[in-house]
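Trainee: Structure: final.cif, mmCIF, C-alpha atoms.
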```
data_target
loop_
_atom_site.group_PDB
_atom_site.id
_atom_site.type_symbol
_atom_site.label_atom_id
_atom_site.label_comp_id
_atom_site.auth_asym_id
_atom_site.auth_seq_id
_atom_site.Cartn_x
_atom_site.Cartn_y
_atom_site.Cartn_z
ATOM 1 C CA MET V 1 -7.566 -3.903 -17.445
ATOM 2 C CA LYS V 2 -10.367 -3.304 -14.961
ATOM 3 C CA LEU V 3 -11.389 -0.107 -13.191
ATOM 4 C CA ALA V 4 -11.684 0.253 -9.432
ATOM 5 C CA PHE V 5 -12.250 3.221 -7.153
ATOM 6 C CA SER V 6 -10.558 3.901 -3.818
ATOM 7 C CA SER V 7 -12.742 4.120 -0.740
ATOM 8 C CA ASN V 8 -10.528 6.898 0.656
ATOM 9 C CA ALA V 9 -12.693 9.430 -1.213
ATOM 10 C CA PHE V 10 -15.708 8.089 0.715
ATOM 11 C CA LYS V 11 -14.496 8.749 4.259
ATOM 12 C CA ALA V 12 -17.749 10.562 5.039
ATOM 13 C CA PHE V 13 -19.559 7.269 4.309
ATOM 14 C CA SER V 14 -19.456 3.812 5.834
ATOM 15 C CA ILE V 15 -17.474 1.228 3.902
ATOM 16 C CA ASP V 16 -20.706 -0.610 3.103
ATOM 17 C CA THR V 17 -22.254 2.523 1.588
ATOM 18 C CA ALA V 18 -19.036 3.269 -0.302
ATOM 19 C CA ILE V 19 -19.078 -0.217 -1.814
ATOM 20 C CA LYS V 20 -22.694 0.153 -2.912
ATOM 21 C CA GLU V 21 -22.089 3.557 -4.495
ATOM 22 C CA ILE V 22 -18.891 2.480 -6.254
ATOM 23 C CA LYS V 23 -20.656 -0.557 -7.711
ATOM 24 C CA ALA V 24 -23.658 1.541 -8.799
ATOM 25 C CA LEU V 25 -21.316 3.828 -10.744
ATOM 26 C CA GLY V 26 -20.055 0.934 -12.844
ATOM 27 C CA TYR V 27 -16.706 0.087 -11.253
ATOM 28 C CA GLU V 28 -15.661 -3.546 -11.029
ATOM 29 C CA GLY V 29 -13.437 -3.180 -7.990
ATOM 30 C CA VAL V 30 -12.852 -1.193 -4.823
ATOM 31 C CA GLU V 31 -9.630 -0.335 -3.031
ATOM 32 C CA ILE V 32 -10.187 -0.703 0.716
ATOM 33 C CA LEU V 33 -8.780 1.974 3.013
ATOM 34 C CA CYS V 34 -7.001 0.192 5.897
ATOM 35 C CA ASP V 35 -7.479 3.177 8.156
ATOM 36 C CA TYR V 36 -10.176 5.057 10.021
ATOM 37 C CA PRO V 37 -13.107 5.032 9.274
ATOM 38 C CA HIS V 38 -13.221 2.028 6.942
ATOM 39 C CA ALA V 39 -11.049 -0.962 7.763
ATOM 40 C CA TYR V 40 -8.418 -0.144 10.368
ATOM 41 C CA PRO V 41 -7.208 -3.652 11.256
ATOM 42 C CA PRO V 42 -7.332 -3.440 15.087
ATOM 43 C CA GLU V 43 -11.000 -2.462 14.824
ATOM 44 C CA MET V 44 -11.888 -5.215 12.353
ATOM 45 C CA SER V 45 -13.541 -7.903 14.479
ATOM 46 C CA LEU V 46 -14.526 -11.216 12.919
ATOM 47 C CA SER V 47 -18.081 -9.944 12.596
ATOM 48 C CA LYS V 48 -16.937 -6.776 10.812
ATOM 49 C CA ILE V 49 -14.730 -8.790 8.459
ATOM 50 C CA GLY V 50 -17.676 -11.047 7.740
ATOM 51 C CA ALA V 51 -19.933 -8.077 7.042
ATOM 52 C CA LEU V 52 -17.372 -6.535 4.695
ATOM 53 C CA LYS V 53 -16.969 -9.785 2.782
ATOM 54 C CA ALA V 54 -20.742 -10.114 2.546
ATOM 55 C CA SER V 55 -21.068 -6.566 1.204
ATOM 56 C CA LEU V 56 -18.451 -7.234 -1.463
ATOM 57 C CA THR V 57 -20.174 -10.469 -2.465
ATOM 58 C CA GLU V 58 -23.658 -8.937 -2.556
ATOM 59 C CA ASN V 59 -22.417 -6.082 -4.732
ATOM 60 C CA HIS V 60 -20.273 -8.321 -6.968
ATOM 61 C CA LEU V 61 -17.247 -6.109 -6.339
ATOM 62 C CA ASP V 62 -13.629 -7.283 -6.150
ATOM 63 C CA ILE V 63 -10.934 -5.836 -3.920
ATOM 64 C CA SER V 64 -8.423 -4.183 -6.236
ATOM 65 C CA ASN V 65 -5.926 -3.417 -3.464
ATOM 66 C CA MET V 66 -5.676 -2.722 0.262
ATOM 67 C CA ASN V 67 -4.544 0.853 0.926
ATOM 68 C CA ALA V 68 -2.176 0.642 3.908
ATOM 69 C CA PHE V 69 -0.552 4.034 3.249
ATOM 70 C CA SER V 70 -2.181 6.477 5.692
ATOM 71 C CA LEU V 71 -2.406 6.085 9.466
ATOM 72 C CA TYR V 72 -4.926 8.674 10.622
ATOM 73 C CA ALA V 73 -6.150 6.188 13.215
ATOM 74 C CA ILE V 74 -2.858 6.846 15.044
ATOM 75 C CA ASN V 75 -1.470 10.110 13.668
ATOM 76 C CA ASP V 76 -1.737 11.319 10.063
ATOM 77 C CA VAL V 77 -1.289 10.332 6.435
ATOM 78 C CA TYR V 78 2.476 9.702 6.747
ATOM 79 C CA ASN V 79 3.220 9.075 10.408
ATOM 80 C CA PRO V 80 4.308 6.865 12.040
ATOM 81 C CA SER V 81 6.567 6.118 9.077
ATOM 82 C CA TRP V 82 9.113 3.486 8.104
ATOM 83 C CA ILE V 83 11.893 6.017 8.753
ATOM 84 C CA ASP V 84 10.631 7.621 11.949
ATOM 85 C CA ARG V 85 13.382 8.874 14.265
ATOM 86 C CA SER V 86 11.861 6.742 17.002
ATOM 87 C CA ALA V 87 12.414 2.984 16.786
ATOM 88 C CA GLU V 88 9.136 2.488 18.628
ATOM 89 C CA GLN V 89 7.262 4.504 16.039
ATOM 90 C CA ARG V 90 8.900 2.535 13.229
ATOM 91 C CA LYS V 91 7.638 -0.607 14.939
ATOM 92 C CA VAL V 92 4.129 0.833 14.858
ATOM 93 C CA ARG V 93 4.349 1.242 11.065
ATOM 94 C CA ILE V 94 5.734 -2.266 10.662
ATOM 95 C CA GLN V 95 3.014 -3.739 12.871
ATOM 96 C CA HIS V 96 0.333 -1.837 10.967
ATOM 97 C CA THR V 97 1.602 -3.333 7.730
ATOM 98 C CA LEU V 98 1.659 -6.823 9.247
ATOM 99 C CA ASN V 99 -1.903 -6.282 10.444
ATOM 100 C CA CYS V 100 -2.909 -5.189 6.948
ATOM 101 C CA ILE V 101 -1.345 -8.319 5.473
ATOM 102 C CA ALA V 102 -3.421 -10.459 7.827
ATOM 103 C CA LEU V 103 -6.583 -8.496 6.976
ATOM 104 C CA ALA V 104 -5.870 -8.780 3.244
ATOM 105 C CA ASN V 105 -5.512 -12.526 3.654
ATOM 106 C CA ASN V 106 -8.833 -12.753 5.511
ATOM 107 C CA LEU V 107 -10.587 -10.757 2.810
ATOM 108 C CA GLY V 108 -9.004 -12.565 -0.121
ATOM 109 C CA ALA V 109 -7.114 -9.506 -1.388
ATOM 110 C CA LYS V 110 -3.892 -9.960 -3.320
ATOM 111 C CA SER V 111 -1.935 -6.790 -2.528
ATOM 112 C CA LEU V 112 -1.521 -3.775 -0.311
ATOM 113 C CA SER V 113 0.147 -0.432 -0.989
ATOM 114 C CA THR V 114 2.338 1.399 1.485
ATOM 115 C CA GLU V 115 4.165 4.688 1.821
ATOM 116 C CA PRO V 116 7.659 4.938 0.279
ATOM 117 C CA GLY V 117 9.596 5.517 3.466
ATOM 118 C CA GLY V 118 8.207 8.797 4.732
ATOM 119 C CA ILE V 119 8.994 12.490 5.069
ATOM 120 C CA TYR V 120 12.588 13.526 5.762
ATOM 121 C CA ASP V 121 14.783 16.616 5.875
ATOM 122 C CA ARG V 122 16.858 16.615 2.703
ATOM 123 C CA ASN V 123 19.347 19.109 4.135
ATOM 124 C CA ARG V 124 20.030 17.386 7.433
ATOM 125 C CA GLU V 125 19.434 13.648 7.158
ATOM 126 C CA ASP V 126 21.514 10.875 5.618
ATOM 127 C CA ILE V 127 19.433 9.324 2.859
ATOM 128 C CA ARG V 128 21.504 6.128 2.920
ATOM 129 C CA TYR V 129 20.770 5.624 6.605
ATOM 130 C CA LEU V 130 17.044 6.280 6.069
ATOM 131 C CA ARG V 131 16.956 3.956 3.071
ATOM 132 C CA ASN V 132 18.481 1.207 5.205
ATOM 133 C CA LEU V 133 15.777 1.738 7.831
ATOM 134 C CA PHE V 134 13.165 1.403 5.119
ATOM 135 C CA LEU V 135 14.811 -1.699 3.681
ATOM 136 C CA GLY V 136 14.938 -3.262 7.120
ATOM 137 C CA GLY V 137 11.230 -2.717 7.670
ATOM 138 C CA LEU V 138 10.279 -3.976 4.224
ATOM 139 C CA THR V 139 12.410 -7.072 4.656
ATOM 140 C CA GLU V 140 10.692 -7.821 7.959
ATOM 141 C CA VAL V 141 7.166 -7.581 6.532
ATOM 142 C CA SER V 142 8.111 -9.436 3.345
ATOM 143 C CA ILE V 143 8.404 -12.650 5.350
ATOM 144 C CA GLU V 144 4.734 -12.482 6.349
ATOM 145 C CA ALA V 145 3.799 -11.253 2.875
ATOM 146 C CA GLU V 146 5.268 -14.419 1.390
ATOM 147 C CA LYS V 147 3.568 -16.653 3.950
ATOM 148 C CA ASN V 148 0.203 -15.083 3.169
ATOM 149 C CA LYS V 149 0.805 -14.643 -0.584
ATOM 150 C CA ILE V 150 0.102 -10.890 -0.346
ATOM 151 C CA LYS V 151 2.156 -8.441 -2.411
ATOM 152 C CA VAL V 152 3.484 -5.406 -0.500
ATOM 153 C CA LEU V 153 3.600 -2.575 -3.033
ATOM 154 C CA VAL V 154 5.743 0.516 -2.481
ATOM 155 C CA GLU V 155 4.104 3.701 -3.782
ATOM 156 C CA PRO V 156 6.674 6.396 -4.705
ATOM 157 C CA GLU V 157 5.406 9.891 -3.916
ATOM 158 C CA PRO V 158 6.750 13.440 -4.344
ATOM 159 C CA LYS V 159 8.741 14.789 -1.376
ATOM 160 C CA LEU V 160 8.993 11.411 0.362
ATOM 161 C CA LEU V 161 12.043 9.155 0.669
ATOM 162 C CA ILE V 162 11.274 7.246 -2.539
ATOM 163 C CA GLU V 163 10.083 9.743 -5.169
ATOM 164 C CA THR V 164 11.346 8.642 -8.555
ATOM 165 C CA SER V 165 11.685 5.456 -10.562
ATOM 166 C CA ASN V 166 15.437 5.468 -9.874
ATOM 167 C CA ASP V 167 14.796 5.757 -6.132
ATOM 168 C CA PHE V 168 12.471 2.776 -6.359
ATOM 169 C CA LEU V 169 14.923 0.697 -8.377
ATOM 170 C CA GLU V 170 17.703 1.410 -5.880
ATOM 171 C CA VAL V 171 15.513 -0.076 -3.143
ATOM 172 C CA MET V 172 14.547 -3.073 -5.239
ATOM 173 C CA LYS V 173 18.209 -3.908 -5.803
ATOM 174 C CA GLU V 174 18.452 -4.660 -2.083
ATOM 175 C CA ILE V 175 15.134 -6.441 -1.552
ATOM 176 C CA LYS V 176 15.471 -10.216 -1.676
ATOM 177 C CA SER V 177 11.770 -10.982 -1.940
ATOM 178 C CA ASP V 178 9.394 -11.485 -4.841
ATOM 179 C CA TRP V 179 6.597 -10.275 -2.566
ATOM 180 C CA VAL V 180 7.647 -6.621 -2.602
ATOM 181 C CA GLY V 181 6.746 -4.651 -5.710
ATOM 182 C CA LEU V 182 5.405 -1.384 -7.072
ATOM 183 C CA ASN V 183 2.114 0.431 -6.714
ATOM 184 C CA PHE V 184 2.478 2.530 -9.871
ATOM 185 C CA ASP V 185 0.837 5.886 -9.168
ATOM 186 C CA ILE V 186 0.592 7.541 -12.571
ATOM 187 C CA GLY V 187 0.147 11.056 -11.190
ATOM 188 C CA HIS V 188 2.990 10.778 -8.697
ATOM 189 C CA PHE V 189 5.538 9.909 -11.360
ATOM 190 C CA PHE V 190 4.232 12.742 -13.536
ATOM 191 C CA CYS V 191 4.650 15.173 -10.616
ATOM 192 C CA VAL V 192 8.368 14.426 -10.274
ATOM 193 C CA GLY V 193 8.980 15.091 -13.960
ATOM 194 C CA GLU V 194 8.959 11.562 -15.288
ATOM 195 C CA ASP V 195 7.074 10.153 -18.253
ATOM 196 C CA PRO V 196 4.543 7.627 -16.938
ATOM 197 C CA VAL V 197 4.086 6.115 -20.403
ATOM 198 C CA GLN V 198 7.752 5.136 -20.689
ATOM 199 C CA LEU V 199 7.891 4.047 -17.055
ATOM 200 C CA VAL V 200 5.085 1.524 -17.588
ATOM 201 C CA TYR V 201 7.426 -0.304 -19.951
ATOM 202 C CA ASP V 202 10.548 0.255 -17.840
ATOM 203 C CA LEU V 203 9.008 -0.933 -14.566
ATOM 204 C CA ALA V 204 6.706 -3.642 -15.929
ATOM 205 C CA ASP V 205 8.439 -6.422 -13.978
ATOM 206 C CA TYR V 206 7.640 -4.768 -10.652
ATOM 207 C CA ILE V 207 4.092 -3.469 -11.165
ATOM 208 C CA GLY V 208 1.413 -5.039 -8.956
ATOM 209 C CA HIS V 209 -1.284 -2.374 -9.174
ATOM 210 C CA PHE V 210 -1.962 1.095 -10.552
ATOM 211 C CA HIS V 211 -3.304 4.302 -9.013
ATOM 212 C CA LEU V 212 -4.795 6.816 -11.406
ATOM 213 C CA ALA V 213 -5.566 10.529 -11.036
ATOM 214 C CA ASP V 214 -4.892 13.546 -13.219
ATOM 215 C CA ILE V 215 -2.379 16.317 -12.528
ATOM 216 C CA ALA V 216 -2.305 19.952 -13.680
ATOM 217 C CA GLN V 217 0.279 21.393 -16.070
ATOM 218 C CA ASN V 218 2.305 22.753 -13.109
ATOM 219 C CA ARG V 219 2.895 19.163 -11.912
ATOM 220 C CA ILE V 220 1.893 20.071 -8.345
ATOM 221 C CA HIS V 221 0.786 17.017 -6.377
ATOM 222 C CA ASN V 222 -2.966 17.535 -6.306
ATOM 223 C CA HIS V 223 -5.178 14.686 -7.518
ATOM 224 C CA LEU V 224 -7.630 15.823 -10.202
ATOM 225 C CA ILE V 225 -10.485 14.016 -11.893
ATOM 226 C CA PRO V 226 -9.153 12.308 -15.040
ATOM 227 C CA GLY V 227 -9.565 14.649 -17.993
ATOM 228 C CA GLU V 228 -9.214 17.797 -15.897
ATOM 229 C CA GLY V 229 -5.404 17.804 -15.983
ATOM 230 C CA VAL V 230 -2.814 17.203 -18.686
ATOM 231 C CA ILE V 231 -1.820 13.538 -18.411
ATOM 232 C CA ASP V 232 -2.264 11.678 -21.702
ATOM 233 C CA PHE V 233 -4.243 8.725 -20.386
ATOM 234 C CA LYS V 234 -4.832 7.244 -23.826
ATOM 235 C CA GLN V 235 -1.106 6.674 -24.162
ATOM 236 C CA VAL V 236 -0.719 5.519 -20.557
ATOM 237 C CA LEU V 237 -3.526 2.976 -20.930
ATOM 238 C CA LYS V 238 -2.073 1.790 -24.229
ATOM 239 C CA ALA V 239 1.256 1.164 -22.505
ATOM 240 C CA ILE V 240 -0.490 -0.727 -19.707
ATOM 241 C CA SER V 241 -2.248 -2.863 -22.307
ATOM 242 C CA ASP V 242 1.022 -3.398 -24.176
ATOM 243 C CA ILE V 243 2.738 -4.957 -21.150
ATOM 244 C CA GLY V 244 -0.137 -7.414 -20.754
ATOM 245 C CA TYR V 245 -1.368 -6.063 -17.426
ATOM 246 C CA ASP V 246 -4.847 -7.452 -16.755
ATOM 247 C CA GLY V 247 -5.325 -6.372 -13.146
ATOM 248 C CA TYR V 248 -7.020 -3.358 -11.608
ATOM 249 C CA ILE V 249 -6.383 0.317 -12.149
ATOM 250 C CA THR V 250 -7.739 2.154 -9.125
ATOM 251 C CA VAL V 251 -8.933 5.728 -9.468
ATOM 252 C CA GLU V 252 -7.807 7.588 -6.331
ATOM 253 C CA LEU V 253 -9.552 10.907 -5.733
ATOM 254 C CA TYR V 254 -9.343 11.490 -1.972
ATOM 255 C CA PRO V 255 -9.491 15.332 -2.343
ATOM 256 C CA TYR V 256 -13.144 14.977 -3.422
ATOM 257 C CA GLN V 257 -14.547 13.776 -0.099
ATOM 258 C CA LYS V 258 -17.291 16.412 -0.165
ATOM 259 C CA ASP V 259 -18.738 14.931 -3.358
ATOM 260 C CA PRO V 260 -17.103 11.593 -4.145
ATOM 261 C CA ILE V 261 -20.035 10.269 -6.152
ATOM 262 C CA ARG V 262 -19.799 13.079 -8.700
ATOM 263 C CA ALA V 263 -16.013 12.698 -8.927
ATOM 264 C CA ALA V 264 -16.206 8.924 -9.291
ATOM 265 C CA ARG V 265 -18.900 9.208 -11.967
ATOM 266 C CA LYS V 266 -16.962 11.768 -14.014
ATOM 267 C CA ALA V 267 -13.798 9.705 -13.766
ATOM 268 C CA HIS V 268 -15.577 6.528 -14.812
ATOM 269 C CA ASP V 269 -17.329 8.150 -17.764
ATOM 270 C CA TYR V 270 -14.099 9.724 -19.007
ATOM 271 C CA LEU V 271 -12.009 6.567 -18.697
ATOM 272 C CA ILE V 272 -14.592 4.237 -20.204
ATOM 273 C CA ASP V 273 -14.845 6.598 -23.158
ATOM 274 C CA ILE V 274 -11.119 6.587 -23.884
ATOM 275 C CA MET V 275 -10.793 2.855 -23.206
ATOM 276 C CA SER V 276 -13.499 1.942 -25.719
#
```
Would you encode the structure as structure tokens?
Mentor:
Amino acid sequence: MKLAFSSNAFKAFSIDTAIKEIKALGYEGVEILCDYPHAYPPEMSLSKIGALKASLTENHLDISNMNAFSLYAINDVYNPSWIDRSAEQRKVRIQHTLNCIALANNLGAKSLSTEPGGIYDRNREDIRYLRNLFLGGLTEVSIEAEKNKIKVLVEPEPKLLIETSNDFLEVMKEIKSDWVGLNFDIGHFFCVGEDPVQLVYDLADYIGHFHLADIAQNRIHNHLIPGEGVIDFKQVLKAISDIGYDGYITVELYPYQKDPIRAARKAHDYLIDIMS
């Protein structure tokens, strides 16, 4: 297991500065935000891609994952979504994901994470219809994912179409591609009342990457610095070790944009201590 930190906590900084700071704090990898202001694909010219690759090389930092979840460059964190009421807006999400696959390939990344469908009205909308929209979009991008050897990882999240492990497994039953998998967000599963320790074992065959943040006792979806909530990370990390996972675990602390260096340092110190 190796620790990485997500650049989405460093949105007040350039991606180059974020990379330097993350390396200086002791992390081995960085998750690249595929959105404004870091690496939104339509704005990534060949020269910018070259500069990003050079920065990673100079700082001896790997890409843990490409974060293709948010779309602030167009709208907000969730929209346009895979299940937007507008077919044109769904196409925007699909094209963004295709663009992120191409960028990941250019940068030598192995995976990208994406939203699990999107927001919907539980009382008014047909979940089966929305799930089919999501499946259709995922199937479309999986073709390019396979061509480029980039894993597209669905990230279940509270209050979105795919929230729980069962929701995720229902989708995976219908996906006919080995290039679609799971971005296992430890905090998200905890928020919806599941046991992330047990789920590491249950979902091992699908896991392509991990997101890590702590959550308070009330299980409200608010990312906390590891050690400041109630998740038993010793047991979670043991489970991750038990399944033989040797990839990156990315600490994701986007709520700490006013002081990401302090948050990243505290997270690193805490996790290194319990991993030793």
Trainee: What does the structure give for the distance between CA of Ala239 (chain V) and CA of Lys110 (chain V), in Å to one decimal?
Mentor: 22.8 Å
Trainee: Show which residues sit within 12 Å of Ile32 (chain V), as a PyMOL selection string. Count all atoms listed in the file, and ignore same-chain residues fewer than 4 positions away.
Mentor: chain V and resi 4-11+14-16+18-19+22+36-41+52-53+56+61-70+100+103-104+107-113+250+252
Trainee: Keeping only C-alpha atoms, write the selected residues to a file as a PDB file, in the coordinates of the input.
Mentor:
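Result saved to result_33.pdb:
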```
ATOM      1  CA  ALA V   4     -11.684   0.253  -9.432  1.00  0.00           C
ATOM      2  CA  PHE V   5     -12.250   3.221  -7.153  1.00  0.00           C
ATOM      3  CA  SER V   6     -10.558   3.901  -3.818  1.00  0.00           C
ATOM      4  CA  SER V   7     -12.742   4.120  -0.740  1.00  0.00           C
ATOM      5  CA  ASN V   8     -10.528   6.898   0.656  1.00  0.00           C
ATOM      6  CA  ALA V   9     -12.693   9.430  -1.213  1.00  0.00           C
ATOM      7  CA  PHE V  10     -15.708   8.089   0.715  1.00  0.00           C
ATOM      8  CA  LYS V  11     -14.496   8.749   4.259  1.00  0.00           C
ATOM      9  CA  SER V  14     -19.456   3.812   5.834  1.00  0.00           C
ATOM     10  CA  ILE V  15     -17.474   1.228   3.902  1.00  0.00           C
ATOM     11  CA  ASP V  16     -20.706  -0.610   3.103  1.00  0.00           C
ATOM     12  CA  ALA V  18     -19.036   3.269  -0.302  1.00  0.00           C
ATOM     13  CA  ILE V  19     -19.078  -0.217  -1.814  1.00  0.00           C
ATOM     14  CA  ILE V  22     -18.891   2.480  -6.254  1.00  0.00           C
ATOM     15  CA  TYR V  36     -10.176   5.057  10.021  1.00  0.00           C
ATOM     16  CA  PRO V  37     -13.107   5.032   9.274  1.00  0.00           C
ATOM     17  CA  HIS V  38     -13.221   2.028   6.942  1.00  0.00           C
ATOM     18  CA  ALA V  39     -11.049  -0.962   7.763  1.00  0.00           C
ATOM     19  CA  TYR V  40      -8.418  -0.144  10.368  1.00  0.00           C
ATOM     20  CA  PRO V  41      -7.208  -3.652  11.256  1.00  0.00           C
ATOM     21  CA  LEU V  52     -17.372  -6.535   4.695  1.00  0.00           C
ATOM     22  CA  LYS V  53     -16.969  -9.785   2.782  1.00  0.00           C
ATOM     23  CA  LEU V  56     -18.451  -7.234  -1.463  1.00  0.00           C
ATOM     24  CA  LEU V  61     -17.247  -6.109  -6.339  1.00  0.00           C
ATOM     25  CA  ASP V  62     -13.629  -7.283  -6.150  1.00  0.00           C
ATOM     26  CA  ILE V  63     -10.934  -5.836  -3.920  1.00  0.00           C
ATOM     27  CA  SER V  64      -8.423  -4.183  -6.236  1.00  0.00           C
ATOM     28  CA  ASN V  65      -5.926  -3.417  -3.464  1.00  0.00           C
ATOM     29  CA  MET V  66      -5.676  -2.722   0.262  1.00  0.00           C
ATOM     30  CA  ASN V  67      -4.544   0.853   0.926  1.00  0.00           C
ATOM     31  CA  ALA V  68      -2.176   0.642   3.908  1.00  0.00           C
ATOM     32  CA  PHE V  69      -0.552   4.034   3.249  1.00  0.00           C
ATOM     33  CA  SER V  70      -2.181   6.477   5.692  1.00  0.00           C
ATOM     34  CA  CYS V 100      -2.909  -5.189   6.948  1.00  0.00           C
ATOM     35  CA  LEU V 103      -6.583  -8.496   6.976  1.00  0.00           C
ATOM     36  CA  ALA V 104      -5.870  -8.780   3.244  1.00  0.00           C
ATOM     37  CA  LEU V 107     -10.587 -10.757   2.810  1.00  0.00           C
ATOM     38  CA  GLY V 108      -9.004 -12.565  -0.121  1.00  0.00           C
ATOM     39  CA  ALA V 109      -7.114  -9.506  -1.388  1.00  0.00           C
ATOM     40  CA  LYS V 110      -3.892  -9.960  -3.320  1.00  0.00           C
ATOM     41  CA  SER V 111      -1.935  -6.790  -2.528  1.00  0.00           C
ATOM     42  CA  LEU V 112      -1.521  -3.775  -0.311  1.00  0.00           C
ATOM     43  CA  SER V 113       0.147  -0.432  -0.989  1.00  0.00           C
ATOM     44  CA  THR V 250      -7.739   2.154  -9.125  1.00  0.00           C
ATOM     45  CA  GLU V 252      -7.807   7.588  -6.331  1.00  0.00           C
TER      46      GLU V 252
END
```
Trainee: Identify, on the basis of all atoms listed in the file, every residue whose closest approach to Phe233 (chain V) does not exceed 12 Å; exclude the query and any residue fewer than 4 positions from it along the same chain; express the result as JSON, numbers by chain.
Mentor: {"V": [186, 187, 190, 195, 196, 197, 212, 213, 214, 215, 225, 226, 227, 228, 229, 237, 238, 239, 240, 241, 249, 267, 270, 271, 272, 273, 274, 275]}
Trainee: Could you spell out the hits of the PyMOL selection byres ((chain V and resi 24) around 12) on the shown file, as a list in words?
Mentor: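 Going through the file, the PyMOL selection byres ((chain V and resi 24) around 12) ends up selecting Phe5, Thr17, Ala18, Ile19, Lys20, Glu21, Ile22, Lys23, Leu25, Gly26, Tyr27, Glu28, Gly29, Val30, Asn59, His60, Leu61, Ile261, Ala264, Arg265 and His268 of chain V.
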Trainee: Which residues, named as in the file, does the PyMOL selection byres ((chain V and resi 192) around 12) pick out? Answer as a list of chain:residue names.
Mentor: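 Evaluating the PyMOL selection byres ((chain V and resi 192) around 12) on these coordinates yields V:Pro156, V:Glu157, V:Pro158, V:Lys159, V:Leu160, V:Ile162, V:Glu163, V:Thr164, V:Ser165, V:Asn166, V:Asp167, V:Asp185, V:Ile186, V:Gly187, V:His188, V:Phe189, V:Phe190, V:Cys191, V:Gly193, V:Glu194, V:Asp195, V:Pro196, V:Ile215, V:Asn218, V:Arg219, V:Ile220, V:His221.
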Trainee: Would you save the residues of that selection, restricted to C-alpha atoms, as a PDB file, in the frame of the given file?
Mentor:
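In the end it all went to again32.pdb:
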```
ATOM      1  CA  PRO V 156       6.674   6.396  -4.705  1.00  0.00           C
ATOM      2  CA  GLU V 157       5.406   9.891  -3.916  1.00  0.00           C
ATOM      3  CA  PRO V 158       6.750  13.440  -4.344  1.00  0.00           C
ATOM      4  CA  LYS V 159       8.741  14.789  -1.376  1.00  0.00           C
ATOM      5  CA  LEU V 160       8.993  11.411   0.362  1.00  0.00           C
ATOM      6  CA  ILE V 162      11.274   7.246  -2.539  1.00  0.00           C
ATOM      7  CA  GLU V 163      10.083   9.743  -5.169  1.00  0.00           C
ATOM      8  CA  THR V 164      11.346   8.642  -8.555  1.00  0.00           C
ATOM      9  CA  SER V 165      11.685   5.456 -10.562  1.00  0.00           C
ATOM     10  CA  ASN V 166      15.437   5.468  -9.874  1.00  0.00           C
ATOM     11  CA  ASP V 167      14.796   5.757  -6.132  1.00  0.00           C
ATOM     12  CA  ASP V 185       0.837   5.886  -9.168  1.00  0.00           C
ATOM     13  CA  ILE V 186       0.592   7.541 -12.571  1.00  0.00           C
ATOM     14  CA  GLY V 187       0.147  11.056 -11.190  1.00  0.00           C
ATOM     15  CA  HIS V 188       2.990  10.778  -8.697  1.00  0.00           C
ATOM     16  CA  PHE V 189       5.538   9.909 -11.360  1.00  0.00           C
ATOM     17  CA  PHE V 190       4.232  12.742 -13.536  1.00  0.00           C
ATOM     18  CA  CYS V 191       4.650  15.173 -10.616  1.00  0.00           C
ATOM     19  CA  GLY V 193       8.980  15.091 -13.960  1.00  0.00           C
ATOM     20  CA  GLU V 194       8.959  11.562 -15.288  1.00  0.00           C
ATOM     21  CA  ASP V 195       7.074  10.153 -18.253  1.00  0.00           C
ATOM     22  CA  PRO V 196       4.543   7.627 -16.938  1.00  0.00           C
ATOM     23  CA  ILE V 215      -2.379  16.317 -12.528  1.00  0.00           C
ATOM     24  CA  ASN V 218       2.305  22.753 -13.109  1.00  0.00           C
ATOM     25  CA  ARG V 219       2.895  19.163 -11.912  1.00  0.00           C
ATOM     26  CA  ILE V 220       1.893  20.071  -8.345  1.00  0.00           C
ATOM     27  CA  HIS V 221       0.786  17.017  -6.377  1.00  0.00           C
TER      28      HIS V 221
END
```
Trainee: Mind checking which residues fall within 12 Å of Arg85 (chain V), counting all atoms listed in the file, ignoring those fewer than 6 positions away in the same chain, and posting them as a list in words?
Mentor: Asn79, Lys91, Gly117, Gly118, Ile119, Tyr120, Asp121, Glu125, Tyr129, Leu130, Leu133 and Phe134 of chain V
Trainee: Could you name the residues that touch Ile175 (chain V) at 9 Å or less, counting all atoms listed in the file, but leaving out those on the same chain fewer than 2 positions away, as an NGL selection string?
Mentor: :V and (135 or 138-139 or 171-173 or 177-178 or 180)
Trainee: Using only C-alpha atoms, which residue out of V:Asp246, V:Asp232, V:Glu115, V:Asp126 lies closest to Leu182 (chain V)?
Mentor: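 Smallest distance to Leu182 (chain V) is found for V:Glu115.
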Trainee: Translate the PyMOL selection byres ((chain V and resi 92) around 12) into a concrete residue list for this structure, as a ChimeraX atom specification.
Mentor: /V:71,73-75,79-84,86-91,93-99,137
Trainee: For the residues selected in the previous step, produce a file with C-alpha atoms as a short mmCIF file (atom, residue, chain, number, x, y, z; two decimals), in the frame of the given file.
Mentor:
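File written: result_33.cif
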```cif
data_model
loop_
_atom_site.label_atom_id
_atom_site.label_comp_id
_atom_site.auth_asym_id
_atom_site.auth_seq_id
_atom_site.Cartn_x
_atom_site.Cartn_y
_atom_site.Cartn_z
CA LEU V 71 -2.41 6.08 9.47
CA ALA V 73 -6.15 6.19 13.22
CA ILE V 74 -2.86 6.85 15.04
CA ASN V 75 -1.47 10.11 13.67
CA ASN V 79 3.22 9.07 10.41
CA PRO V 80 4.31 6.86 12.04
CA SER V 81 6.57 6.12 9.08
CA TRP V 82 9.11 3.49 8.10
CA ILE V 83 11.89 6.02 8.75
CA ASP V 84 10.63 7.62 11.95
CA SER V 86 11.86 6.74 17.00
CA ALA V 87 12.41 2.98 16.79
CA GLU V 88 9.14 2.49 18.63
CA GLN V 89 7.26 4.50 16.04
CA ARG V 90 8.90 2.54 13.23
CA LYS V 91 7.64 -0.61 14.94
CA ARG V 93 4.35 1.24 11.06
CA ILE V 94 5.73 -2.27 10.66
CA GLN V 95 3.01 -3.74 12.87
CA HIS V 96 0.33 -1.84 10.97
CA THR V 97 1.60 -3.33 7.73
CA LEU V 98 1.66 -6.82 9.25
CA ASN V 99 -1.90 -6.28 10.44
CA GLY V 137 11.23 -2.72 7.67
#
```
